[in-house]
Every structure is written in C-alpha cells, then in structure tokens.
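Engineer: This is entry.tsv (TSV, C-alpha atoms).
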chain	number	residue	atom	x	y	z
A	1	MET	CA	0.00	0.00	0.00
A	2	MET	CA	2.79	2.38	0.92
A	3	THR	CA	4.71	1.32	-2.17
A	4	GLU	CA	1.77	2.18	-4.43
A	5	TYR	CA	1.36	5.55	-2.70
A	6	SER	CA	5.07	6.31	-3.09
A	7	GLU	CA	4.96	5.45	-6.78
A	8	ARG	CA	1.98	7.76	-7.27
A	9	MET	CA	3.75	10.59	-5.45
A	10	SER	CA	6.90	10.05	-7.50
A	11	LEU	CA	4.89	10.15	-10.72
A	12	SER	CA	3.11	13.34	-9.64
A	13	ILE	CA	6.42	15.03	-8.83
A	14	LYS	CA	7.83	14.07	-12.22
A	15	ILE	CA	4.79	15.43	-14.02
A	16	LEU	CA	5.01	18.64	-11.99
A	17	LEU	CA	8.71	19.06	-12.83
A	18	ILE	CA	8.14	18.41	-16.55
A	19	SER	CA	5.25	20.88	-16.61
A	20	SER	CA	7.33	23.50	-14.83
A	21	LEU	CA	10.25	22.99	-17.23
A	22	PHE	CA	7.97	23.14	-20.26
A	23	SER	CA	6.36	26.35	-18.99
A	24	SER	CA	9.80	27.90	-18.45
A	25	VAL	CA	10.84	27.05	-22.02
A	26	ILE	CA	7.63	28.50	-23.46
A	27	SER	CA	8.04	31.61	-21.32
A	28	ALA	CA	11.66	32.06	-22.47
A	29	GLN	CA	10.63	31.79	-26.11
A	30	ASP	CA	7.86	34.36	-25.73
A	31	CYS	CA	9.88	37.00	-23.86
A	32	LYS	CA	11.28	40.15	-25.47
A	33	ALA	CA	14.28	42.29	-24.64
A	34	LYS	CA	13.77	45.98	-23.95
A	35	ILE	CA	16.13	48.05	-26.13
A	36	PHE	CA	17.08	51.66	-25.39
A	37	ILE	CA	19.12	53.53	-28.02
A	38	GLN	CA	20.31	57.13	-27.74
A	39	THR	CA	22.33	59.13	-30.26
A	40	ASP	CA	23.71	62.65	-30.43
A	41	ILE	CA	22.20	63.13	-33.91
A	42	GLU	CA	19.02	65.16	-34.04
A	43	ASN	CA	16.27	63.86	-36.33
A	44	ALA	CA	18.05	60.54	-36.85
A	45	ARG	CA	16.27	57.64	-38.47
A	46	LEU	CA	16.56	54.15	-37.01
A	47	PHE	CA	16.30	51.20	-39.37
A	48	ILE	CA	16.13	47.59	-38.18
A	49	ASN	CA	16.85	45.03	-40.90
A	50	ASP	CA	16.32	47.82	-43.48
A	51	SER	CA	12.88	48.62	-42.08
A	52	LEU	CA	12.26	52.09	-40.62
A	53	GLN	CA	11.65	51.78	-36.88
A	54	SER	CA	11.38	55.38	-35.70
A	55	GLU	CA	12.79	58.92	-35.93
A	56	GLY	CA	14.41	61.17	-33.33
A	57	ASN	CA	17.47	60.78	-31.10
A	58	TYR	CA	16.05	58.41	-28.46
A	59	PHE	CA	14.50	55.06	-29.28
A	60	ASP	CA	12.66	52.66	-26.98
A	61	PHE	CA	11.37	49.35	-28.36
A	62	GLU	CA	11.29	45.58	-27.81
A	63	LEU	CA	12.92	42.76	-29.77
A	64	GLU	CA	12.71	39.00	-29.52
A	65	PRO	CA	15.96	37.01	-29.16
A	66	GLY	CA	17.85	36.91	-32.44
A	67	THR	CA	20.31	38.83	-34.59
A	68	TYR	CA	19.38	42.24	-36.01
A	69	ARG	CA	21.10	44.76	-38.27
A	70	ILE	CA	20.54	48.36	-37.22
A	71	ASN	CA	21.27	51.56	-39.13
A	72	ILE	CA	21.19	55.06	-37.70
A	73	ILE	CA	21.02	57.64	-40.48
A	74	GLU	CA	21.13	61.40	-40.14
A	75	ASP	CA	18.59	63.60	-41.92
A	76	PHE	CA	19.08	62.62	-45.59
A	77	LYS	CA	18.39	66.21	-46.70
A	78	LYS	CA	21.54	67.37	-44.93
A	79	TRP	CA	24.77	67.58	-46.94
A	80	ASN	CA	27.32	65.00	-45.79
A	81	ALA	CA	24.66	63.21	-43.77
A	82	ARG	CA	26.24	60.66	-41.45
A	83	SER	CA	25.21	57.09	-40.79
A	84	PHE	CA	26.17	54.23	-38.51
A	85	GLU	CA	25.63	50.48	-38.85
A	86	ASP	CA	25.78	47.88	-36.09
A	87	THR	CA	24.65	44.32	-35.39
A	88	LEU	CA	22.60	43.41	-32.33
A	89	SER	CA	22.77	39.85	-31.05
A	90	ILE	CA	20.03	39.31	-28.45
A	91	LYS	CA	20.33	36.00	-26.59
A	92	ASP	CA	17.97	36.57	-23.67
A	93	CYS	CA	15.36	39.05	-22.50
A	94	SER	CA	17.66	41.37	-20.56
A	95	ASN	CA	17.38	45.12	-21.11
A	96	LEU	CA	19.97	46.64	-23.43
A	97	ASN	CA	21.14	50.26	-23.37
A	98	LEU	CA	23.09	51.58	-26.39
A	99	ASN	CA	24.60	55.00	-27.00
A	100	TYR	CA	25.90	56.06	-30.42
A	101	ASN	CA	27.75	59.39	-30.57
A	102	LEU	CA	28.69	60.37	-34.10
A	103	ASN	CA	29.69	63.99	-33.53
A	104	ASN	CA	33.21	62.94	-32.56
A	105	LYS	CA	33.66	61.01	-35.79
A	106	LEU	CA	35.42	62.28	-38.91
A	107	LEU	CA	34.05	61.97	-42.43
A	108	LEU	CA	36.64	60.84	-44.97
A	109	ASP	CA	35.67	61.23	-48.61
A	110	SER	CA	37.76	61.24	-51.78
A	111	TYR	CA	37.60	61.94	-55.47
A	112	PRO	CA	36.94	59.50	-56.97
A	113	GLN	CA	35.07	57.63	-54.26
A	114	ASN	CA	35.30	53.94	-53.34
A	115	ALA	CA	39.03	54.22	-52.59
A	116	HIS	CA	40.61	51.66	-50.24
A	117	VAL	CA	41.38	53.15	-46.81
A	118	ARG	CA	44.36	51.53	-45.06
A	119	GLU	CA	45.84	52.07	-41.63
A	120	SER	CA	49.15	50.30	-40.88
A	121	ASP	CA	48.67	47.97	-43.87
A	122	SER	CA	45.18	46.99	-42.68
A	123	LEU	CA	42.14	47.69	-44.85
A	124	ILE	CA	39.58	49.48	-42.69
A	125	GLY	CA	37.01	50.48	-45.32
A	126	PHE	CA	36.21	52.44	-48.46
A	127	THR	CA	35.48	56.11	-49.04
A	128	PRO	CA	33.24	57.73	-48.03
A	129	MET	CA	33.35	56.51	-44.40
A	130	LEU	CA	33.18	57.72	-40.79
A	131	LEU	CA	36.32	57.39	-38.66
A	132	GLU	CA	37.24	57.61	-35.03
A	133	ASP	CA	39.82	60.34	-34.30
A	134	ASN	CA	42.38	57.82	-32.99
A	135	PHE	CA	44.78	57.73	-35.93
A	136	GLN	CA	47.58	59.87	-37.33
A	137	THR	CA	47.67	59.10	-41.07
A	138	LEU	CA	45.74	56.95	-43.52
A	139	LEU	CA	46.65	55.62	-46.95
A	140	LEU	CA	44.17	55.85	-49.83
A	141	GLN	CA	44.53	53.38	-52.70
A	142	LYS	CA	42.54	52.75	-55.86
A	143	PRO	CA	43.43	50.80	-59.02
A	144	ASP	CA	44.82	53.06	-61.80
A	145	TYR	CA	45.35	55.89	-59.28
A	146	GLU	CA	48.41	57.03	-57.34
A	147	ASP	CA	48.44	56.26	-53.60
A	148	LYS	CA	47.54	59.19	-51.37
A	149	LEU	CA	48.57	59.74	-47.73
A	150	ILE	CA	46.27	61.95	-45.64
A	151	THR	CA	46.54	63.07	-42.03
A	152	GLN	CA	43.90	63.30	-39.31
A	153	GLN	CA	44.27	67.10	-39.28
A	154	GLU	CA	43.48	67.30	-43.00
A	155	ILE	CA	40.36	65.13	-42.62
A	156	ALA	CA	39.20	67.17	-39.61
A	157	ALA	CA	39.62	70.32	-41.71
A	158	GLY	CA	37.28	68.88	-44.35
A	159	VAL	CA	39.92	68.17	-46.98
A	160	LYS	CA	38.63	65.91	-49.76
A	161	PRO	CA	41.74	64.34	-51.29
A	162	GLU	CA	41.86	64.00	-55.07
A	163	LEU	CA	43.61	60.87	-56.32
A	164	LEU	CA	45.90	61.29	-59.34
A	165	PHE	CA	44.97	59.07	-62.28
A	166	ILE	CA	47.99	57.13	-63.59
A	167	GLY	CA	46.24	54.40	-65.57
A	168	GLN	CA	45.97	54.09	-69.31
A	169	VAL	CA	43.45	56.43	-70.86
A	170	LYS	CA	40.95	54.53	-72.93
A	171	GLY	CA	40.50	55.80	-76.45
A	172	GLU	CA	37.22	56.86	-77.94
A	173	SER	CA	34.74	54.01	-77.97
A	174	PHE	CA	33.67	52.62	-81.33
A	175	TYR	CA	30.06	53.55	-80.59
A	176	GLU	CA	31.07	57.23	-80.30
A	177	SER	CA	33.57	57.21	-83.18
A	178	THR	CA	33.19	58.80	-86.61
A	179	LEU	CA	33.78	55.39	-88.19
A	180	PHE	CA	30.69	53.98	-86.47
A	181	LYS	CA	28.54	56.84	-87.76
A	182	PHE	CA	29.99	56.42	-91.26
A	183	LEU	CA	29.33	52.67	-91.31
A	184	VAL	CA	25.78	53.14	-90.04
A	185	GLY	CA	25.12	55.80	-92.68
A	186	THR	CA	26.60	53.55	-95.36
A	187	ALA	CA	24.45	50.63	-94.21
A	188	ILE	CA	21.31	52.77	-94.49
A	189	ALA	CA	22.29	53.95	-97.98
A	190	LEU	CA	23.12	50.41	-99.16
A	191	GLY	CA	19.85	49.09	-97.74
A	192	ALA	CA	17.86	51.76	-99.53
A	193	THR	CA	19.78	51.19	-102.80
A	194	THR	CA	19.24	47.44	-102.60
A	195	ALA	CA	15.51	47.85	-102.06
A	196	TYR	CA	15.19	50.43	-104.86
A	197	TYR	CA	16.91	48.36	-107.57
A	198	LYS	CA	15.08	45.20	-106.51
A	199	LEU	CA	11.75	46.96	-106.91
A	200	GLU	CA	12.84	48.34	-110.30
A	201	ALA	CA	13.91	44.87	-111.43
A	202	ASP	CA	10.56	43.39	-110.40
A	203	LYS	CA	8.68	46.20	-112.19
A	204	ASN	CA	10.64	45.71	-115.45
A	205	PHE	CA	10.16	41.96	-115.31
A	206	ASP	CA	6.39	42.40	-114.89
A	207	GLU	CA	6.36	44.66	-117.98
A	208	TYR	CA	8.49	42.14	-119.91
A	209	GLN	CA	5.95	39.40	-119.20
A	210	VAL	CA	3.25	41.60	-120.66
A	211	THR	CA	5.12	43.00	-123.70
A	212	GLY	CA	7.86	40.45	-124.31
A	213	ASP	CA	10.34	43.31	-125.02
A	214	PRO	CA	13.93	41.89	-124.72
A	215	ALA	CA	15.22	45.31	-123.62
A	216	LEU	CA	13.07	45.08	-120.50
A	217	LEU	CA	14.57	41.67	-119.68
A	218	GLU	CA	18.10	43.07	-120.03
A	219	GLN	CA	17.17	45.99	-117.79
A	220	THR	CA	15.74	43.52	-115.26
A	221	ASP	CA	19.00	41.55	-115.20
A	222	ARG	CA	21.01	44.77	-114.80
A	223	TYR	CA	18.88	45.95	-111.85
A	224	ASP	CA	19.06	42.50	-110.24
A	225	MET	CA	22.85	42.58	-110.52
A	226	ILE	CA	23.10	46.01	-108.90
A	227	SER	CA	20.70	44.93	-106.13
A	228	ALA	CA	22.76	41.80	-105.46
A	229	VAL	CA	26.04	43.75	-105.29
A	230	THR	CA	24.66	46.36	-102.90
A	231	PHE	CA	23.11	43.62	-100.74
A	232	VAL	CA	26.49	41.87	-100.41
A	233	ALA	CA	28.08	45.23	-99.55
A	234	LEU	CA	25.35	45.77	-96.93
A	235	GLN	CA	26.13	42.41	-95.31
A	236	ILE	CA	29.86	43.22	-95.22
A	237	ASP	CA	29.12	46.65	-93.72
A	238	PHE	CA	26.84	45.18	-91.05
A	239	GLY	CA	29.35	42.44	-90.25
A	240	LEU	CA	32.10	45.03	-89.79
A	241	ILE	CA	29.90	47.07	-87.43
A	242	LEU	CA	29.16	43.98	-85.36
A	243	TYR	CA	32.81	42.92	-85.23
A	244	LEU	CA	34.10	46.34	-84.18
A	245	PHE	CA	31.33	46.71	-81.62
A	246	LEU	CA	32.13	43.37	-79.97
A	247	THR	CA	35.89	43.95	-79.93
A	248	ASP	CA	35.68	47.49	-78.52
Would you give me this structure, written as structure tokens?

Structural biologist:
Amino acid sequence: MMTEYSERMSLSIKILLISSLFSSVISAQDCKAKIFIQTDIENARLFINDSLQSEGNYFDFELEPGTYRINIIEDFKKWNARSFEDTLSIKDCSNLNLNYNLNNKLLLDSYPQNAHVRESDSLIGFTPMLLEDNFQTLLLQKPDYEDKLITQQEIAAGVKPELLFIGQVKGESFYESTLFKFLVGTAIALGATTAYYKLEADKNFDEYQVTGDPALLEQTDRYDMISAVTFVALQIDFGLILYLFLTD
C-alpha cells in the first residue's frame, strides 16, 4: 500500500517538474528584450533590418531574441549626412542600453570615391566613411590611381583628397567614333539602294511578261545585278559594325 502511494507521489512530482520545465521554455521563447538607443544626432532615423523603426534621437522598443542589423542615419536632406551600422545579437530578455555618438567622428571622402582606406597595412574600409579620431595618417589606394597619404588634421579640416589618375586612358569608344557613324550611314544607304533596284527589277520583269520586249529583260538583269552587289556590300558593312562593336 505504501509502495503504491510512493509510486503515485513520485509520478506526480515528475509530471510537476516536466510541466514546470515546459512552462519555463515557453516563457523564455515568448519574452522580449527591452532596447534603449540614444544618439547625439538630431532627427536621426533608425532602421532595423532595413525597415524604418522610428525617428528622433532616443529610441525605446522591444525585440525578440535573435540577430538584427541596425542603421542610424542622419537627416538625408543634410549635406554629408552621417550614418552608422551595427549588429545586435540578443540572446535573452535582458534590457539593453546603447549609445551612439557620431559627432566625434570624422568623415573621410575622396575623389573619386570607393578608394581603399588603409591604416598600418590593414584595410579598414572604403570612401566615403566615418572614422574615429584615434589615428595619425591613412593611406588611400585605388586601381589606376596614385596612392595618397592623408593626415587626421586634414580630414578634420574637411579636406577631400583627389587621387591622381595614372592608368591608361581609354580611347574613344567605337560607338562614339566617326567610323561607327559612317558605317551606319553607309548601311542605311546600301539598304535603300538594294531595295530600290530590286523593286525596279521586279517592275521591269512584270512589264516584260506583258510586252515580251527583250530590252526590258536586259534591264531587269542589270537591276538585279546592282541589287545583289549592294546587298552583299550591306552584309559586309553590317558584319564590320558587329565585329568592331564586340571587340571594342
């Protein structure tokens, strides 16, 4: 009797423990983390996974556990508007306070843009980009352009370095060349000539069938010959255009 009672108690305790564990798991999955973000940019826009969350300089929202990409973008109407990108990895439901101050960052731009930015032989990004003021000099590199060294003082002063082009200058493209225009004009003229003489040949042949005049048959052969020659010339012209266009 006591053994049966003990077994029932043991089973009840196990069920209670399993239910409690299951409830804890469900509760953990349903919870959300409270996120607080503050920035020193007025009228900033906060994007989460490329979706606009809110505007202002203080943001208060909730997120479920997971990984999120956040972007803080200054008023896009402002010249040299700044932006900042970060990744949030939320593993539990703890509150998270974040502070992004961009006013102490330096904007590095160049002409042309998309230049490699290196610090101590390490690639740190591409222009334009925001930088912390914890460096002395940076090296800008771009294929076909001469390397450019720029100091922190120059960037802080708003200097936009211009990279010197040292690559090979490409010649005029075939599409923009005089030869292309000439060949196109010639193709149009040859096409029109071919069509004209073919129509004349057909007209003379129709008259020859009615009258039987040998002169009309000779004229038909002459027009057919001219039409054939101009058609061959048209094909050569078009083939040359296609070849030069593909090899440009």

Engineer: So, counting only C-alpha atoms, which residue among A:Asn43, A:Thr230, A:Asn114, A:Thr151 is closest to Thr193 (chain A)?

Structural biologist: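 Going through A:Asn43, A:Thr230, A:Asn114, A:Thr151 one by one, the smallest distance to Thr193 (chain A) is for A:Thr230.
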
Engineer: Find the residue from A:His116, A:Lys34, A:Lys181, A:Lys105 that sits nearest to Gln152 (chain A); use only C-alpha atoms when measuring.

Structural biologist: A:Lys105

Engineer: Please determine, counting all atoms listed in the file, which residue among A:Phe36, A:Tyr100, A:Phe84, A:Phe47 has the shortest atom-to-atom distance to Phe61 (chain A).

Structural biologist: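 Closest to Phe61 (chain A) of all the choices is A:Phe36.
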
Engineer: Using all atoms listed in the file, which residue out of A:Asp221, A:Glu42, A:Asp121, A:Asp144 lies closest to Phe205 (chain A)?

Structural biologist: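 Of A:Asp221, A:Glu42, A:Asp121, A:Asp144, the one nearest Phe205 (chain A), counting all atoms listed in the file, is A:Asp221.
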
Engineer: Counting all atoms listed in the file, find residues at most 12 Å from (19.7, 38.2, -30.6) (file frame) and give them as a list in words.

Structural biologist: Gln29, Cys31, Lys32, Ala33, Lys34, Ile35, Glu62, Leu63, Glu64, Pro65, Gly66, Thr67, Tyr68, Arg69, Thr87, Leu88, Ser89, Ile90, Lys91, Asp92, Cys93, Ser94, Asn95 and Leu96 of chain A

Engineer: Complete region 159-179 of chain A at the level of N, CA and C atoms, written as a PDB file, in the coordinates of the input.

Structural biologist:
ATOM      1  N   VAL A 159      39.218  68.368 -45.706  1.00  0.00           N
ATOM      2  CA  VAL A 159      39.920  68.170 -46.980  1.00  0.00           C
ATOM      3  C   VAL A 159      39.383  66.919 -47.665  1.00  0.00           C
ATOM      4  N   LYS A 160      39.066  67.050 -48.944  1.00  0.00           N
ATOM      5  CA  LYS A 160      38.630  65.910 -49.760  1.00  0.00           C
ATOM      6  C   LYS A 160      39.734  65.602 -50.751  1.00  0.00           C
ATOM      7  N   PRO A 161      40.586  64.611 -50.436  1.00  0.00           N
ATOM      8  CA  PRO A 161      41.740  64.340 -51.290  1.00  0.00           C
ATOM      9  C   PRO A 161      41.333  63.894 -52.692  1.00  0.00           C
ATOM     10  N   GLU A 162      42.083  64.384 -53.680  1.00  0.00           N
ATOM     11  CA  GLU A 162      41.860  64.000 -55.070  1.00  0.00           C
ATOM     12  C   GLU A 162      42.985  63.067 -55.507  1.00  0.00           C
ATOM     13  N   LEU A 163      42.628  61.862 -55.924  1.00  0.00           N
ATOM     14  CA  LEU A 163      43.610  60.870 -56.320  1.00  0.00           C
ATOM     15  C   LEU A 163      44.038  61.119 -57.769  1.00  0.00           C
ATOM     16  N   LEU A 164      45.345  61.029 -58.015  1.00  0.00           N
ATOM     17  CA  LEU A 164      45.900  61.290 -59.340  1.00  0.00           C
ATOM     18  C   LEU A 164      45.778  60.052 -60.219  1.00  0.00           C
ATOM     19  N   PHE A 165      45.140  60.195 -61.360  1.00  0.00           N
ATOM     20  CA  PHE A 165      44.970  59.070 -62.280  1.00  0.00           C
ATOM     21  C   PHE A 165      46.276  58.786 -63.004  1.00  0.00           C
ATOM     22  N   ILE A 166      46.743  57.536 -62.932  1.00  0.00           N
ATOM     23  CA  ILE A 166      47.990  57.130 -63.590  1.00  0.00           C
ATOM     24  C   ILE A 166      47.778  55.948 -64.516  1.00  0.00           C
ATOM     25  N   GLY A 167      46.527  55.542 -64.702  1.00  0.00           N
ATOM     26  CA  GLY A 167      46.240  54.400 -65.570  1.00  0.00           C
ATOM     27  C   GLY A 167      46.242  54.813 -67.030  1.00  0.00           C
ATOM     28  N   GLN A 168      45.987  53.854 -67.875  1.00  0.00           N
ATOM     29  CA  GLN A 168      45.970  54.090 -69.310  1.00  0.00           C
ATOM     30  C   GLN A 168      44.626  54.665 -69.718  1.00  0.00           C
ATOM     31  N   VAL A 169      44.677  55.771 -70.415  1.00  0.00           N
ATOM     32  CA  VAL A 169      43.450  56.430 -70.860  1.00  0.00           C
ATOM     33  C   VAL A 169      42.863  55.652 -72.023  1.00  0.00           C
ATOM     34  N   LYS A 170      41.606  55.261 -71.852  1.00  0.00           N
ATOM     35  CA  LYS A 170      40.950  54.530 -72.930  1.00  0.00           C
ATOM     36  C   LYS A 170      40.614  55.474 -74.064  1.00  0.00           C
ATOM     37  N   GLY A 171      40.817  54.999 -75.285  1.00  0.00           N
ATOM     38  CA  GLY A 171      40.500  55.800 -76.450  1.00  0.00           C
ATOM     39  C   GLY A 171      38.994  55.929 -76.645  1.00  0.00           C
ATOM     40  N   GLU A 172      38.637  56.666 -77.645  1.00  0.00           N
ATOM     41  CA  GLU A 172      37.220  56.860 -77.940  1.00  0.00           C
ATOM     42  C   GLU A 172      36.578  55.527 -78.269  1.00  0.00           C
ATOM     43  N   SER A 173      35.424  55.271 -77.700  1.00  0.00           N
ATOM     44  CA  SER A 173      34.740  54.010 -77.970  1.00  0.00           C
ATOM     45  C   SER A 173      34.245  53.986 -79.407  1.00  0.00           C
ATOM     46  N   PHE A 174      34.128  52.770 -79.945  1.00  0.00           N
ATOM     47  CA  PHE A 174      33.670  52.620 -81.330  1.00  0.00           C
ATOM     48  C   PHE A 174      32.286  53.208 -81.514  1.00  0.00           C
ATOM     49  N   TYR A 175      31.425  53.036 -80.489  1.00  0.00           N
ATOM     50  CA  TYR A 175      30.060  53.550 -80.590  1.00  0.00           C
ATOM     51  C   TYR A 175      30.028  55.060 -80.777  1.00  0.00           C
ATOM     52  N   GLU A 176      31.036  55.769 -80.213  1.00  0.00           N
ATOM     53  CA  GLU A 176      31.070  57.230 -80.300  1.00  0.00           C
ATOM     54  C   GLU A 176      31.961  57.725 -81.434  1.00  0.00           C
ATOM     55  N   SER A 177      32.595  56.827 -82.163  1.00  0.00           N
ATOM     56  CA  SER A 177      33.570  57.210 -83.180  1.00  0.00           C
ATOM     57  C   SER A 177      32.887  57.648 -84.486  1.00  0.00           C
ATOM     58  N   THR A 178      33.668  58.375 -85.287  1.00  0.00           N
ATOM     59  CA  THR A 178      33.190  58.800 -86.610  1.00  0.00           C
ATOM     60  C   THR A 178      33.010  57.599 -87.521  1.00  0.00           C
ATOM     61  N   LEU A 179      33.875  56.587 -87.363  1.00  0.00           N
ATOM     62  CA  LEU A 179      33.780  55.390 -88.190  1.00  0.00           C
ATOM     63  C   LEU A 179      32.442  54.692 -87.996  1.00  0.00           C
TER      64      LEU A 179
END
